[in-house]
Protein chains: 2
Amino acid sequence: MVKSLDDTTENKILGAARKVFWEKGMAGARMQDIADQAGINKALLHYYYRSKEKLFEVIFREASSLFFMKIAGIIESDIPLFAKIESFCGEYIAMLSQNPYLPLFVLNEANKQPYRFKQRFWKNRENLFERFARDIMMEIENKKIRPLKPAHLFMNMVSMCVFPFIAKPIWMMSSGMKEDEFIHFLEERKKIVPEFIICSIKK
Amino acid sequence: MVKSLDDTTENKILGAARKVFWEKGMAGARMQDIADQAGINKALLHYYYRSKEKLFEVIFREASSLFFMKIAGIIESDIPLFAKIESFCGEYIAMLSQNPYLPLFVLNEANKQPYRFKQRFWKNRENLFERFARDIMMEIENKKIRPLKPAHLFMNMVSMCVFPFIAKPIWMMSSGMKEDEFIHFLEERKKIVPEFIICSIKK
DNA sequence: GTCTATACTCGGATAGAC
DNA sequence: GTCTATCCGAGTATAGAC
């Protein structure tokens, strides 16, 4: 949920496009839905953004940067490893709670159009977890944590933060959770996940 | 990858539909693609399955049962908790390695069409993790593991097994892994993930 | 059962008035 | 900038010959 500062037509369009694309994806979204959501007509959409493709690109670029920005910010910060893990999980789960459709949207489109994704949206993000890997290797040398490959630790951490948002509908059916219980479950995970990780790696 | 026993037209269609739907999803799939993939024409598709919708349902029902079957089988088996965790992670990651598009396909469609999913594909799967929860509560009582809510443990376990398959394209870009390194990475996770979990919960 | 040809519908895009 | 009306390609589905 990115908020518009004022409701110019342009902002109404972006807000509507965000909502529709995030929920339905590129293939499932309809220009008519976006127009309706924005309270305008299809022609005006094309006036502002020549094509569906162009509009999608704006939304996807924005979304993928939102999806990675917070990761990058925290990972690159200069705090001790355990604090970094706590901060990452807490803040990332909080951000995703505000934007529950974000993970599936970004990951799905990255899978469906890997080439496009690689070409256009992957500028200067190489080796995102290199810094994190260094932190880990250092703590292993210092005997603060048991030896394990940084890649697995990183993948585990991100998995436990992000996956619940993707699995939500199935999870709610199989666990019988209601909406507010799920919110509470996510809230708990801000503490539970880093605790789970640290229990596992601490020496 | 579910294999066809013989190549009747029906099996060629199912194989083609599986491939196309799994990769592109309902909204992105084209009947023409499926026909081409099967080496027949569109008309014949409609002869066997009246509509795209009907064909999709067959494939989705089959996929979601594949996605849950192995979970259910292992969870309900009658072995000690730690062995169950090891068995689950190893076998589930192995199954997904054979069917890498399965998780995103099932989870994506479950999100896009939650109502349909609930109505048609959720027969007798309620409380999938109830049995697992009992195992955990018992081991907590026996002081074999530290106290933690079964829901979180279960979610953590499934997250770490499934998420890598969904994040693959992004992961490969950000980590710089090549295809064969990723295969190896998944292979390692069959051991690493249960070890990671058990280290965390063992008392 | 399998094909070619075609009908029909949906949805992205444009023309042109205001 | 915003609208109504319309075009046109893509894609699902059907008719009908073989």
# chains A, B, ... in the order shown; residues from 1 in each chain; ligands from 1

$ residues_around --residues "Ile136 in chain A" --least-positions-apart "6" --cutoff "12 Å" --atoms "only C-alpha atoms (C1' of nucleotides)" --output "list in words"
Ile75, Pro80, Leu81, Phe82, Lys84, Ile85, Phe129, Glu130, Asn142, Lys143, Lys144, Ile145, Arg146, Pro147, Leu148, Lys149, Pro150, Ala151, His152, Leu153, Phe154, Ile201 and Lys202 of chain A

$ calpha_fit_and_write --fixed "chain A" --moving "chain B" --output "PDB file with C-alpha atoms, in the first residue's frame"
ATOM      1  CA  MET B   1       0.194   0.150   0.095  1.00  0.00           C
ATOM      2  CA  VAL B   2       2.043   3.128  -1.319  1.00  0.00           C
ATOM      3  CA  LYS B   3       0.014   6.250  -0.759  1.00  0.00           C
ATOM      4  CA  SER B   4      -0.687   8.968  -3.251  1.00  0.00           C
ATOM      5  CA  LEU B   5       0.133  12.450  -2.098  1.00  0.00           C
ATOM      6  CA  ASP B   6      -2.804  14.014  -3.930  1.00  0.00           C
ATOM      7  CA  ASP B   7      -5.474  12.662  -6.192  1.00  0.00           C
ATOM      8  CA  THR B   8      -4.475  13.931  -9.570  1.00  0.00           C
ATOM      9  CA  THR B   9      -5.640  11.695 -12.389  1.00  0.00           C
ATOM     10  CA  GLU B  10      -2.135  10.327 -12.721  1.00  0.00           C
ATOM     11  CA  ASN B  11      -2.093   9.258  -9.084  1.00  0.00           C
ATOM     12  CA  LYS B  12      -5.542   7.752  -9.304  1.00  0.00           C
ATOM     13  CA  ILE B  13      -4.353   5.694 -12.254  1.00  0.00           C
ATOM     14  CA  LEU B  14      -1.210   4.537 -10.481  1.00  0.00           C
ATOM     15  CA  GLY B  15      -3.156   3.611  -7.370  1.00  0.00           C
ATOM     16  CA  ALA B  16      -5.698   1.676  -9.390  1.00  0.00           C
ATOM     17  CA  ALA B  17      -3.056  -0.040 -11.507  1.00  0.00           C
ATOM     18  CA  ARG B  18      -1.132  -1.038  -8.418  1.00  0.00           C
ATOM     19  CA  LYS B  19      -4.192  -2.609  -6.887  1.00  0.00           C
ATOM     20  CA  VAL B  20      -5.277  -4.492  -9.992  1.00  0.00           C
ATOM     21  CA  PHE B  21      -1.819  -5.638 -11.144  1.00  0.00           C
ATOM     22  CA  TRP B  22      -0.777  -6.703  -7.649  1.00  0.00           C
ATOM     23  CA  GLU B  23      -3.882  -8.813  -7.252  1.00  0.00           C
ATOM     24  CA  LYS B  24      -4.220 -10.263 -10.733  1.00  0.00           C
ATOM     25  CA  GLY B  25      -0.783 -10.083 -12.314  1.00  0.00           C
ATOM     26  CA  MET B  26       0.014  -8.873 -15.837  1.00  0.00           C
ATOM     27  CA  ALA B  27      -1.852 -11.669 -17.640  1.00  0.00           C
ATOM     28  CA  GLY B  28      -4.947 -11.519 -15.440  1.00  0.00           C
ATOM     29  CA  ALA B  29      -5.315  -7.744 -15.208  1.00  0.00           C
ATOM     30  CA  ARG B  30      -7.784  -5.900 -17.450  1.00  0.00           C
ATOM     31  CA  MET B  31      -7.442  -2.274 -18.510  1.00  0.00           C
ATOM     32  CA  GLN B  32     -11.178  -1.938 -17.894  1.00  0.00           C
ATOM     33  CA  ASP B  33     -10.709  -3.006 -14.248  1.00  0.00           C
ATOM     34  CA  ILE B  34      -8.000  -0.412 -13.787  1.00  0.00           C
ATOM     35  CA  ALA B  35     -10.125   2.293 -15.393  1.00  0.00           C
ATOM     36  CA  ASP B  36     -13.120   1.399 -13.213  1.00  0.00           C
ATOM     37  CA  GLN B  37     -10.989   1.315 -10.089  1.00  0.00           C
ATOM     38  CA  ALA B  38      -9.607   4.755 -10.941  1.00  0.00           C
ATOM     39  CA  GLY B  39     -13.067   6.111 -11.798  1.00  0.00           C
ATOM     40  CA  ILE B  40     -12.116   7.026 -15.361  1.00  0.00           C
ATOM     41  CA  ASN B  41     -12.396   5.347 -18.760  1.00  0.00           C
ATOM     42  CA  LYS B  42     -10.044   3.193 -20.755  1.00  0.00           C
ATOM     43  CA  ALA B  43      -9.183   5.883 -23.277  1.00  0.00           C
ATOM     44  CA  LEU B  44      -7.761   8.078 -20.571  1.00  0.00           C
ATOM     45  CA  LEU B  45      -5.539   5.273 -19.381  1.00  0.00           C
ATOM     46  CA  HIS B  46      -4.009   5.094 -22.834  1.00  0.00           C
ATOM     47  CA  TYR B  47      -3.641   8.838 -22.874  1.00  0.00           C
ATOM     48  CA  TYR B  48      -1.382   8.693 -19.806  1.00  0.00           C
ATOM     49  CA  TYR B  49       0.345   5.389 -20.523  1.00  0.00           C
ATOM     50  CA  ARG B  50       0.414   4.401 -24.152  1.00  0.00           C
ATOM     51  CA  SER B  51      -0.112   0.693 -23.453  1.00  0.00           C
ATOM     52  CA  LYS B  52      -0.872  -1.897 -20.815  1.00  0.00           C
ATOM     53  CA  GLU B  53       2.734  -3.029 -21.156  1.00  0.00           C
ATOM     54  CA  LYS B  54       4.065   0.453 -20.307  1.00  0.00           C
ATOM     55  CA  LEU B  55       1.781   0.877 -17.337  1.00  0.00           C
ATOM     56  CA  PHE B  56       2.720  -2.538 -16.074  1.00  0.00           C
ATOM     57  CA  GLU B  57       6.386  -1.721 -16.257  1.00  0.00           C
ATOM     58  CA  VAL B  58       5.968   1.322 -14.043  1.00  0.00           C
ATOM     59  CA  ILE B  59       4.105  -0.703 -11.432  1.00  0.00           C
ATOM     60  CA  PHE B  60       6.478  -3.639 -11.571  1.00  0.00           C
ATOM     61  CA  ARG B  61       9.609  -1.536 -11.328  1.00  0.00           C
ATOM     62  CA  GLU B  62       8.149   0.271  -8.326  1.00  0.00           C
ATOM     63  CA  ALA B  63       7.101  -3.014  -6.710  1.00  0.00           C
ATOM     64  CA  SER B  64      10.385  -4.794  -7.155  1.00  0.00           C
ATOM     65  CA  SER B  65      12.252  -1.865  -5.731  1.00  0.00           C
ATOM     66  CA  LEU B  66       9.929  -1.861  -2.711  1.00  0.00           C
ATOM     67  CA  PHE B  67      10.493  -5.592  -2.371  1.00  0.00           C
ATOM     68  CA  PHE B  68      14.279  -5.238  -2.242  1.00  0.00           C
ATOM     69  CA  MET B  69      14.849  -1.821  -0.753  1.00  0.00           C
ATOM     70  CA  LYS B  70      14.232  -2.774   2.830  1.00  0.00           C
ATOM     71  CA  ILE B  71      16.265  -5.956   2.525  1.00  0.00           C
ATOM     72  CA  ALA B  72      19.196  -4.014   1.174  1.00  0.00           C
ATOM     73  CA  GLY B  73      18.927  -1.235   3.722  1.00  0.00           C
ATOM     74  CA  ILE B  74      19.010  -3.524   6.718  1.00  0.00           C
ATOM     75  CA  ILE B  75      21.537  -5.998   5.369  1.00  0.00           C
ATOM     76  CA  GLU B  76      23.979  -3.241   4.572  1.00  0.00           C
ATOM     77  CA  SER B  77      23.593  -1.527   7.926  1.00  0.00           C
ATOM     78  CA  ASP B  78      26.436  -1.710  10.361  1.00  0.00           C
ATOM     79  CA  ILE B  79      25.066  -3.593  13.367  1.00  0.00           C
ATOM     80  CA  PRO B  80      25.939  -6.947  14.974  1.00  0.00           C
ATOM     81  CA  LEU B  81      24.702 -10.093  13.242  1.00  0.00           C
ATOM     82  CA  PHE B  82      22.047 -11.128  15.749  1.00  0.00           C
ATOM     83  CA  ALA B  83      20.620  -7.631  15.900  1.00  0.00           C
ATOM     84  CA  LYS B  84      20.651  -7.535  12.124  1.00  0.00           C
ATOM     85  CA  ILE B  85      18.680 -10.764  11.936  1.00  0.00           C
ATOM     86  CA  GLU B  86      16.140  -9.477  14.448  1.00  0.00           C
ATOM     87  CA  SER B  87      15.819  -6.185  12.669  1.00  0.00           C
ATOM     88  CA  PHE B  88      15.491  -7.783   9.263  1.00  0.00           C
ATOM     89  CA  CYS B  89      12.747 -10.215  10.230  1.00  0.00           C
ATOM     90  CA  GLY B  90      10.775  -7.689  12.243  1.00  0.00           C
ATOM     91  CA  GLU B  91      10.873  -4.923   9.708  1.00  0.00           C
ATOM     92  CA  TYR B  92      10.434  -7.096   6.648  1.00  0.00           C
ATOM     93  CA  ILE B  93       7.411  -8.873   8.047  1.00  0.00           C
ATOM     94  CA  ALA B  94       5.991  -5.486   9.033  1.00  0.00           C
ATOM     95  CA  MET B  95       6.496  -4.100   5.543  1.00  0.00           C
ATOM     96  CA  LEU B  96       4.924  -7.163   3.914  1.00  0.00           C
ATOM     97  CA  SER B  97       1.968  -6.978   6.299  1.00  0.00           C
ATOM     98  CA  GLN B  98       1.321  -3.547   4.807  1.00  0.00           C
ATOM     99  CA  ASN B  99       1.731  -4.953   1.282  1.00  0.00           C
ATOM    100  CA  PRO B 100       0.509  -8.523   1.428  1.00  0.00           C
ATOM    101  CA  TYR B 101       0.184  -8.980  -2.336  1.00  0.00           C
ATOM    102  CA  LEU B 102       3.725  -7.769  -3.007  1.00  0.00           C
ATOM    103  CA  PRO B 103       5.674 -11.048  -2.704  1.00  0.00           C
ATOM    104  CA  LEU B 104       3.474 -13.137  -4.951  1.00  0.00           C
ATOM    105  CA  PHE B 105       3.269 -10.346  -7.494  1.00  0.00           C
ATOM    106  CA  VAL B 106       7.015  -9.800  -7.771  1.00  0.00           C
ATOM    107  CA  LEU B 107       8.004 -13.459  -7.567  1.00  0.00           C
ATOM    108  CA  ASN B 108       5.328 -14.560  -9.986  1.00  0.00           C
ATOM    109  CA  GLU B 109       6.227 -12.014 -12.644  1.00  0.00           C
ATOM    110  CA  ALA B 110       9.929 -12.725 -12.157  1.00  0.00           C
ATOM    111  CA  ASN B 111       9.177 -16.371 -12.917  1.00  0.00           C
ATOM    112  CA  LYS B 112       6.872 -15.756 -15.852  1.00  0.00           C
ATOM    113  CA  GLN B 113       9.133 -13.259 -17.539  1.00  0.00           C
ATOM    114  CA  PRO B 114      12.642 -13.986 -16.277  1.00  0.00           C
ATOM    115  CA  TYR B 115      14.358 -12.396 -19.247  1.00  0.00           C
ATOM    116  CA  ARG B 116      12.505  -9.121 -19.004  1.00  0.00           C
ATOM    117  CA  PHE B 117      13.060  -9.094 -15.284  1.00  0.00           C
ATOM    118  CA  LYS B 118      16.767  -9.640 -15.663  1.00  0.00           C
ATOM    119  CA  GLN B 119      17.167  -6.995 -18.337  1.00  0.00           C
ATOM    120  CA  ARG B 120      15.162  -4.166 -16.889  1.00  0.00           C
ATOM    121  CA  PHE B 121      14.808  -4.534 -13.176  1.00  0.00           C
ATOM    122  CA  TRP B 122      18.067  -5.898 -11.976  1.00  0.00           C
ATOM    123  CA  LYS B 123      20.285  -2.857 -12.013  1.00  0.00           C
ATOM    124  CA  ASN B 124      22.890  -2.719  -9.275  1.00  0.00           C
ATOM    125  CA  ARG B 125      21.365  -5.399  -7.165  1.00  0.00           C
ATOM    126  CA  GLU B 126      23.966  -8.062  -7.855  1.00  0.00           C
ATOM    127  CA  ASN B 127      25.214 -10.022  -4.877  1.00  0.00           C
ATOM    128  CA  LEU B 128      22.571  -8.714  -2.553  1.00  0.00           C
ATOM    129  CA  PHE B 129      23.591 -11.073   0.178  1.00  0.00           C
ATOM    130  CA  GLU B 130      27.379 -10.715  -0.162  1.00  0.00           C
ATOM    131  CA  ARG B 131      27.540  -8.314   2.737  1.00  0.00           C
ATOM    132  CA  PHE B 132      25.411 -10.594   4.877  1.00  0.00           C
ATOM    133  CA  ALA B 133      27.660 -13.520   3.981  1.00  0.00           C
ATOM    134  CA  ARG B 134      30.695 -11.640   5.254  1.00  0.00           C
ATOM    135  CA  ASP B 135      28.977 -10.923   8.582  1.00  0.00           C
ATOM    136  CA  ILE B 136      28.236 -14.605   8.950  1.00  0.00           C
ATOM    137  CA  MET B 137      31.691 -15.851   8.023  1.00  0.00           C
ATOM    138  CA  MET B 138      33.128 -13.487  10.586  1.00  0.00           C
ATOM    139  CA  GLU B 139      30.908 -14.761  13.378  1.00  0.00           C
ATOM    140  CA  ILE B 140      31.808 -18.319  12.443  1.00  0.00           C
ATOM    141  CA  GLU B 141      35.485 -17.494  12.717  1.00  0.00           C
ATOM    142  CA  ASN B 142      34.820 -15.857  16.073  1.00  0.00           C
ATOM    143  CA  LYS B 143      33.112 -19.083  17.180  1.00  0.00           C
ATOM    144  CA  LYS B 144      29.969 -17.118  17.935  1.00  0.00           C
ATOM    145  CA  ILE B 145      27.849 -19.318  15.653  1.00  0.00           C
ATOM    146  CA  ARG B 146      28.156 -22.852  14.340  1.00  0.00           C
ATOM    147  CA  PRO B 147      29.573 -23.277  10.845  1.00  0.00           C
ATOM    148  CA  LEU B 148      27.018 -23.203   8.051  1.00  0.00           C
ATOM    149  CA  LYS B 149      26.923 -21.831   4.547  1.00  0.00           C
ATOM    150  CA  PRO B 150      25.698 -18.235   4.454  1.00  0.00           C
ATOM    151  CA  ALA B 151      23.544 -18.955   1.414  1.00  0.00           C
ATOM    152  CA  HIS B 152      21.452 -21.437   3.363  1.00  0.00           C
ATOM    153  CA  LEU B 153      21.072 -19.173   6.364  1.00  0.00           C
ATOM    154  CA  PHE B 154      20.035 -16.287   4.153  1.00  0.00           C
ATOM    155  CA  MET B 155      17.591 -18.430   2.207  1.00  0.00           C
ATOM    156  CA  ASN B 156      16.119 -19.787   5.430  1.00  0.00           C
ATOM    157  CA  MET B 157      15.622 -16.328   6.852  1.00  0.00           C
ATOM    158  CA  VAL B 158      13.962 -14.901   3.767  1.00  0.00           C
ATOM    159  CA  SER B 159      11.829 -18.033   3.321  1.00  0.00           C
ATOM    160  CA  MET B 160      10.378 -17.854   6.807  1.00  0.00           C
ATOM    161  CA  CYS B 161       9.603 -14.142   6.450  1.00  0.00           C
ATOM    162  CA  VAL B 162       8.120 -14.145   2.959  1.00  0.00           C
ATOM    163  CA  PHE B 163       6.495 -17.536   2.440  1.00  0.00           C
ATOM    164  CA  PRO B 164       3.570 -17.069   4.844  1.00  0.00           C
ATOM    165  CA  PHE B 165       2.277 -14.219   2.666  1.00  0.00           C
ATOM    166  CA  ILE B 166       2.295 -16.431  -0.405  1.00  0.00           C
ATOM    167  CA  ALA B 167       0.762 -19.427   1.333  1.00  0.00           C
ATOM    168  CA  LYS B 168      -1.893 -17.420   3.145  1.00  0.00           C
ATOM    169  CA  PRO B 169      -5.076 -18.752   1.496  1.00  0.00           C
ATOM    170  CA  ILE B 170      -3.986 -22.373   1.722  1.00  0.00           C
ATOM    171  CA  TRP B 171      -2.690 -21.902   5.220  1.00  0.00           C
ATOM    172  CA  MET B 172      -5.913 -20.351   6.426  1.00  0.00           C
ATOM    173  CA  MET B 173      -7.900 -23.232   5.044  1.00  0.00           C
ATOM    174  CA  SER B 174      -5.665 -25.978   6.333  1.00  0.00           C
ATOM    175  CA  SER B 175      -5.153 -24.447   9.756  1.00  0.00           C
ATOM    176  CA  GLY B 176      -8.642 -23.046  10.081  1.00  0.00           C
ATOM    177  CA  MET B 177      -7.288 -19.643  11.090  1.00  0.00           C
ATOM    178  CA  LYS B 178      -9.522 -16.595  10.712  1.00  0.00           C
ATOM    179  CA  GLU B 179      -8.323 -13.271   9.341  1.00  0.00           C
ATOM    180  CA  ASP B 180      -7.553 -11.689  12.706  1.00  0.00           C
ATOM    181  CA  GLU B 181      -5.811 -14.811  13.945  1.00  0.00           C
ATOM    182  CA  PHE B 182      -3.601 -14.708  10.880  1.00  0.00           C
ATOM    183  CA  ILE B 183      -2.708 -11.072  11.579  1.00  0.00           C
ATOM    184  CA  HIS B 184      -1.756 -12.084  15.074  1.00  0.00           C
ATOM    185  CA  PHE B 185       0.214 -15.054  13.766  1.00  0.00           C
ATOM    186  CA  LEU B 186       2.265 -12.725  11.569  1.00  0.00           C
ATOM    187  CA  GLU B 187       2.759 -10.368  14.470  1.00  0.00           C
ATOM    188  CA  GLU B 188       4.168 -13.223  16.535  1.00  0.00           C
ATOM    189  CA  ARG B 189       6.527 -14.196  13.747  1.00  0.00           C
ATOM    190  CA  LYS B 190       8.367 -10.892  14.020  1.00  0.00           C
ATOM    191  CA  LYS B 191       9.863 -12.299  17.221  1.00  0.00           C
ATOM    192  CA  ILE B 192       9.531 -16.040  16.647  1.00  0.00           C
ATOM    193  CA  VAL B 193      11.462 -16.196  13.385  1.00  0.00           C
ATOM    194  CA  PRO B 194      14.644 -14.434  14.540  1.00  0.00           C
ATOM    195  CA  GLU B 195      14.487 -16.401  17.776  1.00  0.00           C
ATOM    196  CA  PHE B 196      14.155 -19.622  15.789  1.00  0.00           C
ATOM    197  CA  ILE B 197      17.173 -18.721  13.674  1.00  0.00           C
ATOM    198  CA  ILE B 198      19.367 -17.599  16.520  1.00  0.00           C
ATOM    199  CA  CYS B 199      18.558 -20.708  18.571  1.00  0.00           C
ATOM    200  CA  SER B 200      19.690 -22.755  15.621  1.00  0.00           C
ATOM    201  CA  ILE B 201      22.997 -21.059  14.875  1.00  0.00           C
ATOM    202  CA  LYS B 202      24.181 -19.779  18.255  1.00  0.00           C
ATOM    203  CA  LYS B 203      27.048 -21.693  19.793  1.00  0.00           C
TER     204      LYS B 203
END

$ atom_distance --atom1 "C1' of DG9 in chain D" --atom2 "C1' of DA17 in chain C"
25.9 Å

$ atom_distance --atom1 "C1' of DA15 in chain D" --atom2 "C1' of DT6 in chain C"
8.0 Å

$ interface_residues --of "chain D" --to "chain A" --cutoff "9 Å" --atoms "only C-alpha atoms (C1' of nucleotides)" --output "PyMOL selection string"
chain D and resi 1-3

$ interface_residues --of "chain C" --to "chain B" --cutoff "12 Å" --atoms "only C-alpha atoms (C1' of nucleotides)" --output "mmCIF file with N, CA and C atoms (P, O5', C5', C4', C3', O3' and C1' of nucleotides), in the first residue's frame"
data_model
loop_
_atom_site.group_PDB
_atom_site.id
_atom_site.type_symbol
_atom_site.label_atom_id
_atom_site.label_comp_id
_atom_site.auth_asym_id
_atom_site.auth_seq_id
_atom_site.Cartn_x
_atom_site.Cartn_y
_atom_site.Cartn_z
ATOM 1 P P DG C 1 -12.470 -41.806 -29.095
ATOM 2 O "O5'" DG C 1 -11.506 -41.553 -30.295
ATOM 3 C "C5'" DG C 1 -11.989 -40.977 -31.567
ATOM 4 C "C4'" DG C 1 -10.777 -40.753 -32.421
ATOM 5 C "C3'" DG C 1 -9.950 -39.531 -32.007
ATOM 6 O "O3'" DG C 1 -8.693 -39.658 -32.661
ATOM 7 C "C1'" DG C 1 -11.155 -39.013 -33.944
ATOM 8 P P DT C 2 -7.469 -38.666 -32.273
ATOM 9 O "O5'" DT C 2 -7.434 -37.595 -33.443
ATOM 10 C "C5'" DT C 2 -6.993 -37.994 -34.742
ATOM 11 C "C4'" DT C 2 -7.293 -36.901 -35.747
ATOM 12 C "C3'" DT C 2 -6.863 -35.499 -35.330
ATOM 13 O "O3'" DT C 2 -5.735 -35.086 -36.096
ATOM 14 C "C1'" DT C 2 -8.968 -35.511 -36.434
ATOM 15 P P DC C 3 -5.182 -33.565 -35.968
ATOM 16 O "O5'" DC C 3 -5.911 -32.817 -37.182
ATOM 17 C "C5'" DC C 3 -5.537 -33.100 -38.525
ATOM 18 C "C4'" DC C 3 -6.559 -32.521 -39.488
ATOM 19 C "C3'" DC C 3 -6.589 -30.994 -39.530
ATOM 20 O "O3'" DC C 3 -5.704 -30.493 -40.523
ATOM 21 C "C1'" DC C 3 -8.805 -31.926 -39.486
ATOM 22 P P DT C 4 -5.513 -28.903 -40.646
ATOM 23 O "O5'" DT C 4 -6.848 -28.412 -41.375
ATOM 24 C "C5'" DT C 4 -7.206 -28.869 -42.671
ATOM 25 C "C4'" DT C 4 -8.309 -27.979 -43.220
ATOM 26 C "C3'" DT C 4 -7.989 -26.488 -43.212
ATOM 27 O "O3'" DT C 4 -8.570 -25.879 -44.370
ATOM 28 C "C1'" DT C 4 -9.873 -26.877 -41.832
ATOM 29 P P DA C 5 -8.443 -24.272 -44.619
ATOM 30 O "O5'" DA C 5 -9.887 -23.742 -44.191
ATOM 31 C "C5'" DA C 5 -11.054 -24.463 -44.578
ATOM 32 C "C4'" DA C 5 -12.263 -23.798 -43.968
ATOM 33 C "C3'" DA C 5 -12.192 -22.263 -43.940
ATOM 34 O "O3'" DA C 5 -13.455 -21.738 -44.325
ATOM 35 C "C1'" DA C 5 -12.520 -23.079 -41.749
ATOM 36 P P DT C 6 -13.697 -20.115 -44.428
ATOM 37 O "O5'" DT C 6 -14.533 -19.833 -43.104
ATOM 38 C "C5'" DT C 6 -15.597 -20.722 -42.762
ATOM 39 C "C4'" DT C 6 -16.137 -20.354 -41.390
ATOM 40 C "C3'" DT C 6 -16.233 -18.845 -41.121
ATOM 41 O "O3'" DT C 6 -17.446 -18.609 -40.441
ATOM 42 C "C1'" DT C 6 -15.128 -19.873 -39.375
#

$ atom_distance --atom1 "C1' of DT12 in chain D" --atom2 "C1' of DT9 in chain C"
8.0 Å

$ select_by_dssp --residues "chain B" --states "alpha helix (DSSP H)" --output "VMD selection string"
chain B and resid 9 to 28 31 to 38 42 to 48 52 to 76 81 to 98 102 to 112 114 to 121 130 to 141 150 to 175 179 to 201

$ decode --residues "range 51-66 of chain A" --atoms "C-alpha atoms" --output "short mmCIF file (atom, residue, chain, number, x, y, z; two decimals), in the first residue's frame"
data_model
loop_
_atom_site.label_atom_id
_atom_site.label_comp_id
_atom_site.auth_asym_id
_atom_site.auth_seq_id
_atom_site.Cartn_x
_atom_site.Cartn_y
_atom_site.Cartn_z
CA SER A 51 -0.08 0.73 -23.45
CA LYS A 52 -0.83 -1.88 -20.80
CA GLU A 53 2.77 -2.99 -21.13
CA LYS A 54 4.09 0.49 -20.29
CA LEU A 55 1.81 0.90 -17.31
CA PHE A 56 2.76 -2.53 -16.06
CA GLU A 57 6.42 -1.71 -16.25
CA VAL A 58 6.00 1.33 -14.03
CA ILE A 59 4.12 -0.70 -11.41
CA PHE A 60 6.50 -3.64 -11.56
CA ARG A 61 9.63 -1.54 -11.32
CA GLU A 62 8.17 0.27 -8.31
CA ALA A 63 7.11 -3.01 -6.70
CA SER A 64 10.39 -4.79 -7.15
CA SER A 65 12.25 -1.86 -5.72
CA LEU A 66 9.93 -1.86 -2.70
#
